[in-house]
Amino acid sequence: MIFSNKKAFIALLLPYFLCISVKPNYAQTVIGDKSSVEINKNVQIEYEIGGIVVKGTDYLDKNVIILSSGLAVGDKIFVPGESVTKAIRTLWDLNLFSDISISADKIEGNTIFLSINVEERPRLGKFSFKGVKKSDADDIREKIKLNRGKIVTDNLIITSKNTIKEYYVDKGFLDAHVEVSQSPDTNAQNSVILTFKIDKKKKVKIEKIIFDGNNNIEARKLKRYMKETKEKHWYNIFKSSKYIDENYEADKQKIIDKYNSKGYRDAHIEFDTVYNSNPGLLTIKIKINEGHKYYFRNINWVGNSKHSTDELNAILGIKKGDIYSQATLESRLYMSQDSRDVSSLYMDDGYLFFQVQPVEVLVENDSIDFEMRIYEGKQATINKITVTGNTKTNDKVIIREIRTKPGQLFSRADIIRTQRELAQLRYFNPEKLGVNPKPNPADGTVDIEYIVEEQASDQLELSGGWGANRLIGTLGVSFNNFAIKDMFKANAWRPVPAGDGQGLSVRAQTTGRYYSSLSASFTEPWLGGKKPNSFSTTVYHNRQNLTNLKFNDPNRQSLLITGVAFGLGKRLKVPDDYFTLMQELNIAEYNLHNFTGTFSFNNGKALNASYKISLGRNSIDAPIYPRTGSQITTSIQFTPPYSYFRDKSLNTSDYYTRETDNLRLVEYYKYKFTTTWYLPLDRSKKLVLMSKLGWAYLGSFNKTLGYSPFERFYLGGSGLTGFALDGREIISLRGYADQSVGNPLGTGSVIVNKYTMEMRYPLSLNPSATIFVLGFAEAGNAWTNYKNYNPFNVARSAGLGVRVFLPMFGLLGLDYGWGFDSVDSKANNGNGKGQFHFTIGANIGDL
């Protein structure tokens, strides 16, 4: 065939140069009959694009495809040339198509009209899982995050498979296998159904961990340091023996860290291997090179002018000949947990820009000499304090708790104390409290930003329960961040005025005719707004009926208690500002009508007017799950000694028991002492030991009158007594029936002792649902007179429990305790038997 026109010849060759189909590896194939023409690949002609059309797409915007290709009408391209290949490569990178080609529809002179031909990838119609249970399938759905309409690509399938495998690997199924199949979705065009067929195989566990080269640390101790990688043993109930590569790598570093802490600074793992030893079992082998053991020798300080070398050596606490430990050295130089380190010494005195660099100046045989190079810098003054994240709490409530003030010297200790005070408010998530110091070295100042995250602090109680063989209904609300000044502002009720840190609570409880209670309280933590002096007031009215008769029926057996209480609190500065002084005035009237079986008299009225003063120290780090710190409280409560001033003829032994229409004036004094300590047992401060001691005594001013029939102690059980709120002090002792310990007559005791130890571990520290488990051992007893008091004659118990804190309901608890001793009590059921106990609140009674 002979061509007399050059352009006609090129037009015939154009399908070869333009009609290119690109696969993922960019292989190019020519569409056309190559044998019909003589092809000259070296011929290039420049054309102007006269038009572009897109073919083969039903769902994507064609204009977007043209724009994405990089080709445009009016552009000049060479044929053959790089422009077309680049356009195809660009479109392929969008990952939207399974096939792409560009061809010429026609040529008019120097103008070429192009066609972009695409084949869209299918979209996801739906997906399902085979071979797994529903709970696993639900978890996997959350992880792979597949949505209907998503474009199905090879990458999507591979990523989904890997995510599913990782899910099962984390559960110990290392050999899990996943297959993916596609089938057309008949309910939607260009859609497919993905089916994930999962065979998780058997769970792979660690059979053995073998160490080699560990001449100075026993293998059993090395295994103990590996916190997340454990051998399969029947007694490993708290730690799984599944193999997780990420945890294994971290545990290997823990081994090296332990060697370093014992002076082996050159210790390293020469090699390690993991292999299948038996079906479903792995063996780990670790070869350790311990190296030599080193010791501290000479330590010199350079650049220190504020503090002497002797002072710094005392804080460092490392002496010549001590075993070398990088961890010990760093903790004594930088930010130790007890703040007794060199950096804290300077930073608590304003030296924010302080730096210390330990330099090994000589390593000789087994000894290391250090030079501590110090840059003290200038003292930094606080310039500006800001708070972010408080969407509900007013700035003034937060700022009054902040210990760092503008114009003061920077102090790390003040920042730590501020974080504690903010956590104690219980308005913010303690796990998210943050501090962001912003130093300004040019002028020697620092701006401090405190970051908070609001959490729910109000509580709603709406419940029904069973107590004393009756159904009890309870309705109560507690607003713990109330703003009373905004009560008359309509726009402040969202749903209630809030943000000023005040407390308001109202609670009602009833069983119908048998019992009803109504109480309300208000607390202002900063009376006057300038000093942390608190004011509180409470009013309450309780009615209790032993029969189903109305309260106006003369045959009823009833008790009415009406009272009001006022409290004042003050934060002290001496001995330190963890101390508080609390004072309380309480006035209550008791009105008994044929009320038998509880007090020493059945009819008449009694007045209980008392004054209480308490001295306490609270240094715990968090209110819900304390890890460190202590709480110590001592108090005395007393009434006026009426018997000293009234007619002596009235001071008879039957004063509280004889029938009279006169108002009985109740007199007594009461001492109480409690101390609670929290000690973290691991580096993460999760495993915590709580130990507590409590003691209380109810005394009498007049021996002839004897002990008061009110304010007595009732020990035993969970402390929940249905609705017996008749002037008694309820104290829990798990493992025994309610009020069964030291209460042989059922009228209460006058002296009580209690000891408690709990081992706690958190399952969740999320502020919306804090959960921790505990094991406890406790002992206690109560006595009806001081002569029989013996602090070592106690009823012992032990058991397990769980606590759940929900912001709307407070702290809820369930315990199972076993009492080991028999008790002499009017209340039976429970000597030497297991008991379940349900609790509400952190403490039942002060002890």
# chains A, B, ... in the order shown; residues from 1 in each chain; ligands from 1
call {"tool": "select_by_dssp", "arguments": {"residues": "region 160-386 of chain A", "states": "helix (DSSP H, G or I)", "output": "ChimeraX atom specification"}}
result
/A:160-170,219-225,245-261,309-316,326-333,342-347
call {"tool": "residues_around", "arguments": {"residues": "region 262-273 of chain A", "least_positions_apart": "2", "cutoff": "8 Å", "atoms": "only C-alpha atoms", "output": "PyMOL selection string"}}
result
chain A and resi 256+258-260+275+284-295+323-326
call {"tool": "closest_atom_pairs", "arguments": {"of": "region 433-551 of chain A", "to": "region 768-777 of chain A", "cutoff": "12 Å", "atoms": "only C-alpha atoms", "output": "tab-separated table"}}
result
residue	atom	partner	partner_atom	distance
A:Glu454	CA	A:Ser768	CA	10.8
A:Gln455	CA	A:Ser768	CA	7.4
A:Ala456	CA	A:Ser768	CA	7.4
A:Ser457	CA	A:Ser768	CA	9.7
A:Asp458	CA	A:Ser768	CA	11.8
call {"tool": "residues_around", "arguments": {"residues": "Val342 (chain A)", "least_positions_apart": "5", "cutoff": "8 Å", "atoms": "only C-alpha atoms", "output": "mmCIF file with N, CA, C and O atoms, in the first residue's frame"}}
result
data_model
loop_
_atom_site.group_PDB
_atom_site.id
_atom_site.type_symbol
_atom_site.label_atom_id
_atom_site.label_comp_id
_atom_site.auth_asym_id
_atom_site.auth_seq_id
_atom_site.Cartn_x
_atom_site.Cartn_y
_atom_site.Cartn_z
ATOM 1 N N LEU A 312 24.386 19.092 96.420
ATOM 2 C CA LEU A 312 24.013 18.319 95.234
ATOM 3 C C LEU A 312 24.320 16.845 95.420
ATOM 4 O O LEU A 312 23.536 15.973 94.998
ATOM 5 N N ILE A 315 21.549 15.329 97.531
ATOM 6 C CA ILE A 315 20.330 15.073 96.764
ATOM 7 C C ILE A 315 20.525 13.899 95.822
ATOM 8 O O ILE A 315 19.656 13.035 95.670
ATOM 9 N N LEU A 316 21.694 13.823 95.189
ATOM 10 C CA LEU A 316 21.977 12.737 94.243
ATOM 11 C C LEU A 316 21.971 11.391 94.948
ATOM 12 O O LEU A 316 21.452 10.406 94.412
ATOM 13 N N ARG A 332 17.616 10.437 89.924
ATOM 14 C CA ARG A 332 18.141 11.386 90.920
ATOM 15 C C ARG A 332 18.465 12.740 90.290
ATOM 16 O O ARG A 332 18.561 13.741 90.999
ATOM 17 N N LEU A 333 18.614 12.747 88.972
ATOM 18 C CA LEU A 333 18.902 14.019 88.288
ATOM 19 C C LEU A 333 17.635 14.669 87.745
ATOM 20 O O LEU A 333 17.499 15.898 87.769
ATOM 21 N N TYR A 334 16.698 13.837 87.237
ATOM 22 C CA TYR A 334 15.541 14.391 86.549
ATOM 23 C C TYR A 334 14.245 13.811 87.098
ATOM 24 O O TYR A 334 14.018 12.608 86.998
#
call {"tool": "atom_distance", "arguments": {"atom1": "CA of Ile116 (chain A)", "atom2": "CA of Lys86 (chain A)"}}
result
13.0 Å
call {"tool": "residues_around", "arguments": {"residues": "Leu345 (chain A)", "least_positions_apart": "4", "cutoff": "12 Å", "atoms": "only C-alpha atoms", "output": "PyMOL selection string"}}
result
chain A and resi 306-307+311-312+314-316+332-336+338-341+349-352+354-356+376+410-413
call {"tool": "residues_around", "arguments": {"residues": "Leu560 (chain A)", "least_positions_apart": "4", "cutoff": "7 Å", "atoms": "only C-alpha atoms", "output": "list in words"}}
result
Asn542, Arg543, Gln544, Tyr590, Asn591 and Leu592 of chain A
call {"tool": "write_last_selection", "arguments": {"atoms": "all heavy atoms", "output": "PDB file, in the first residue's frame"}}
result
ATOM      1  N   ASN A 542     -37.140  12.693 108.931  1.00  0.00           N
ATOM      2  CA  ASN A 542     -37.340  11.258 108.740  1.00  0.00           C
ATOM      3  C   ASN A 542     -38.549  10.800 109.543  1.00  0.00           C
ATOM      4  O   ASN A 542     -38.743  11.225 110.699  1.00  0.00           O
ATOM      5  CB  ASN A 542     -36.110  10.458 109.189  1.00  0.00           C
ATOM      6  CG  ASN A 542     -34.857  10.862 108.457  1.00  0.00           C
ATOM      7  OD1 ASN A 542     -34.920  11.296 107.309  1.00  0.00           O
ATOM      8  ND2 ASN A 542     -33.720  10.735 109.112  1.00  0.00           N
ATOM      9  N   ARG A 543     -39.326   9.907 108.958  1.00  0.00           N
ATOM     10  CA  ARG A 543     -40.456   9.290 109.654  1.00  0.00           C
ATOM     11  C   ARG A 543     -40.339   7.776 109.506  1.00  0.00           C
ATOM     12  O   ARG A 543     -40.174   7.269 108.396  1.00  0.00           O
ATOM     13  CB  ARG A 543     -41.794   9.760 109.078  1.00  0.00           C
ATOM     14  CG  ARG A 543     -42.010  11.261 109.176  1.00  0.00           C
ATOM     15  CD  ARG A 543     -43.469  11.628 108.931  1.00  0.00           C
ATOM     16  NE  ARG A 543     -43.989  11.077 107.698  1.00  0.00           N
ATOM     17  CZ  ARG A 543     -45.263  11.199 107.310  1.00  0.00           C
ATOM     18  NH1 ARG A 543     -46.122  11.838 108.088  1.00  0.00           N
ATOM     19  NH2 ARG A 543     -45.674  10.681 106.161  1.00  0.00           N
ATOM     20  N   GLN A 544     -40.441   7.085 110.635  1.00  0.00           N
ATOM     21  CA  GLN A 544     -40.351   5.626 110.633  1.00  0.00           C
ATOM     22  C   GLN A 544     -41.508   5.068 111.440  1.00  0.00           C
ATOM     23  O   GLN A 544     -41.817   5.547 112.537  1.00  0.00           O
ATOM     24  CB  GLN A 544     -39.003   5.174 111.210  1.00  0.00           C
ATOM     25  CG  GLN A 544     -38.713   3.702 110.997  1.00  0.00           C
ATOM     26  CD  GLN A 544     -37.287   3.350 111.372  1.00  0.00           C
ATOM     27  OE1 GLN A 544     -36.433   4.218 111.449  1.00  0.00           O
ATOM     28  NE2 GLN A 544     -37.033   2.084 111.612  1.00  0.00           N
ATOM     29  N   TYR A 590     -35.858  14.095 118.438  1.00  0.00           N
ATOM     30  CA  TYR A 590     -36.394  12.749 118.277  1.00  0.00           C
ATOM     31  C   TYR A 590     -37.746  12.704 118.986  1.00  0.00           C
ATOM     32  O   TYR A 590     -37.868  13.104 120.155  1.00  0.00           O
ATOM     33  CB  TYR A 590     -35.462  11.703 118.898  1.00  0.00           C
ATOM     34  CG  TYR A 590     -34.095  11.655 118.269  1.00  0.00           C
ATOM     35  CD1 TYR A 590     -33.087  12.524 118.682  1.00  0.00           C
ATOM     36  CD2 TYR A 590     -33.808  10.721 117.284  1.00  0.00           C
ATOM     37  CE1 TYR A 590     -31.829  12.476 118.111  1.00  0.00           C
ATOM     38  CE2 TYR A 590     -32.549  10.662 116.710  1.00  0.00           C
ATOM     39  CZ  TYR A 590     -31.566  11.544 117.130  1.00  0.00           C
ATOM     40  OH  TYR A 590     -30.330  11.498 116.563  1.00  0.00           O
ATOM     41  N   ASN A 591     -38.764  12.207 118.267  1.00  0.00           N
ATOM     42  CA  ASN A 591     -40.111  12.103 118.837  1.00  0.00           C
ATOM     43  C   ASN A 591     -40.571  10.657 118.690  1.00  0.00           C
ATOM     44  O   ASN A 591     -40.819  10.179 117.572  1.00  0.00           O
ATOM     45  CB  ASN A 591     -41.057  13.053 118.094  1.00  0.00           C
ATOM     46  CG  ASN A 591     -42.410  13.153 118.771  1.00  0.00           C
ATOM     47  OD1 ASN A 591     -42.769  12.327 119.601  1.00  0.00           O
ATOM     48  ND2 ASN A 591     -43.165  14.175 118.388  1.00  0.00           N
ATOM     49  N   LEU A 592     -40.647   9.942 119.820  1.00  0.00           N
ATOM     50  CA  LEU A 592     -40.989   8.527 119.829  1.00  0.00           C
ATOM     51  C   LEU A 592     -42.424   8.347 120.317  1.00  0.00           C
ATOM     52  O   LEU A 592     -42.855   8.992 121.296  1.00  0.00           O
ATOM     53  CB  LEU A 592     -40.057   7.724 120.738  1.00  0.00           C
ATOM     54  CG  LEU A 592     -38.657   7.397 120.211  1.00  0.00           C
ATOM     55  CD1 LEU A 592     -37.780   8.642 120.210  1.00  0.00           C
ATOM     56  CD2 LEU A 592     -38.008   6.315 121.075  1.00  0.00           C
TER      57      LEU A 592
END
call {"tool": "closest_residue", "arguments": {"among": "A:Thr704, A:Gln189, A:Ser797, A:Thr153", "to": "Asp58 (chain A)", "atoms": "only C-alpha atoms"}}
result
A:Gln189
call {"tool": "residues_around", "arguments": {"residues": "Glu371 (chain A)", "least_positions_apart": "2", "cutoff": "9 Å", "atoms": "only C-alpha atoms", "output": "ChimeraX atom specification"}}
result
/A:298-302,357-361,369,373
call {"tool": "write_last_selection", "arguments": {"atoms": "all heavy atoms", "output": "tab-separated table (two decimals), in the first residue's frame"}}
result
chain	number	residue	atom	x	y	z
A	298	ASN	N	34.20	8.45	90.96
A	298	ASN	CA	34.26	9.87	91.28
A	298	ASN	C	33.18	10.64	90.53
A	298	ASN	O	32.96	10.43	89.34
A	298	ASN	CB	35.63	10.44	90.91
A	298	ASN	CG	36.76	9.74	91.67
A	298	ASN	OD1	36.64	9.48	92.86
A	298	ASN	ND2	37.85	9.42	90.97
A	299	ILE	N	32.49	11.53	91.26
A	299	ILE	CA	31.46	12.38	90.66
A	299	ILE	C	31.82	13.83	90.96
A	299	ILE	O	31.90	14.23	92.13
A	299	ILE	CB	30.06	12.05	91.21
A	299	ILE	CG1	29.68	10.61	90.86
A	299	ILE	CG2	29.02	13.02	90.68
A	299	ILE	CD1	28.34	10.16	91.41
A	300	ASN	N	32.05	14.61	89.92
A	300	ASN	CA	32.40	16.02	90.07
A	300	ASN	C	31.29	16.89	89.45
A	300	ASN	O	30.69	16.53	88.45
A	300	ASN	CB	33.73	16.33	89.37
A	300	ASN	CG	34.89	15.57	90.02
A	300	ASN	OD1	34.99	15.48	91.23
A	300	ASN	ND2	35.76	15.00	89.19
A	301	TRP	N	31.05	18.05	90.06
A	301	TRP	CA	30.04	19.00	89.59
A	301	TRP	C	30.72	20.22	89.01
A	301	TRP	O	31.64	20.78	89.60
A	301	TRP	CB	29.11	19.41	90.73
A	301	TRP	CG	28.37	18.25	91.35
A	301	TRP	CD1	28.81	17.42	92.33
A	301	TRP	CD2	27.06	17.80	90.99
A	301	TRP	NE1	27.87	16.47	92.62
A	301	TRP	CE2	26.77	16.68	91.81
A	301	TRP	CE3	26.10	18.21	90.06
A	301	TRP	CZ2	25.57	15.98	91.73
A	301	TRP	CZ3	24.90	17.52	90.00
A	301	TRP	CH2	24.64	16.42	90.82
A	302	VAL	N	30.22	20.65	87.86
A	302	VAL	CA	30.78	21.82	87.18
A	302	VAL	C	29.65	22.78	86.83
A	302	VAL	O	28.63	22.36	86.30
A	302	VAL	CB	31.53	21.41	85.88
A	302	VAL	CG1	32.06	22.63	85.15
A	302	VAL	CG2	32.66	20.45	86.20
A	357	GLN	N	23.86	17.77	82.60
A	357	GLN	CA	24.25	16.72	81.66
A	357	GLN	C	25.33	15.86	82.30
A	357	GLN	O	26.43	16.34	82.56
A	357	GLN	CB	24.77	17.32	80.36
A	357	GLN	CG	25.16	16.28	79.32
A	357	GLN	CD	25.68	16.90	78.04
A	357	GLN	OE1	25.85	18.11	77.96
A	357	GLN	NE2	25.92	16.07	77.04
A	358	PRO	N	25.01	14.58	82.60
A	358	PRO	CA	26.04	13.69	83.14
A	358	PRO	C	26.94	13.18	82.02
A	358	PRO	O	26.46	12.66	81.02
A	358	PRO	CB	25.22	12.56	83.78
A	358	PRO	CG	23.96	12.52	82.99
A	358	PRO	CD	23.70	13.93	82.52
A	359	VAL	N	28.25	13.34	82.19
A	359	VAL	CA	29.20	12.93	81.16
A	359	VAL	C	30.18	11.93	81.77
A	359	VAL	O	30.78	12.18	82.82
A	359	VAL	CB	29.97	14.15	80.61
A	359	VAL	CG1	30.99	13.70	79.57
A	359	VAL	CG2	29.00	15.17	80.01
A	360	GLU	N	30.31	10.77	81.10
A	360	GLU	CA	31.31	9.79	81.53
A	360	GLU	C	32.68	10.29	81.06
A	360	GLU	O	32.97	10.31	79.86
A	360	GLU	CB	31.01	8.42	80.94
A	360	GLU	CG	29.70	7.81	81.43
A	360	GLU	CD	29.45	6.44	80.81
A	360	GLU	OE1	30.34	5.95	80.07
A	360	GLU	OE2	28.38	5.86	81.07
A	361	VAL	N	33.51	10.68	82.01
A	361	VAL	CA	34.82	11.22	81.64
A	361	VAL	C	35.91	10.15	81.67
A	361	VAL	O	36.96	10.31	81.05
A	361	VAL	CB	35.19	12.40	82.56
A	361	VAL	CG1	34.25	13.57	82.32
A	361	VAL	CG2	35.17	12.00	84.03
A	369	ASP	N	33.91	7.31	86.16
A	369	ASP	CA	33.93	8.67	86.71
A	369	ASP	C	32.98	9.54	85.90
A	369	ASP	O	32.93	9.47	84.67
A	369	ASP	CB	35.35	9.26	86.64
A	369	ASP	CG	36.33	8.54	87.56
A	369	ASP	OD1	35.86	7.82	88.47
A	369	ASP	OD2	37.54	8.68	87.36
A	373	ARG	N	27.71	18.39	84.38
A	373	ARG	CA	27.84	19.73	83.81
A	373	ARG	C	26.49	20.45	83.92
A	373	ARG	O	25.50	20.06	83.30
A	373	ARG	CB	28.30	19.63	82.37
A	373	ARG	CG	29.69	18.98	82.27
A	373	ARG	CD	30.12	18.74	80.84
A	373	ARG	NE	31.40	18.06	80.79
A	373	ARG	CZ	31.99	17.62	79.68
A	373	ARG	NH1	31.37	17.80	78.50
A	373	ARG	NH2	33.16	17.00	79.72
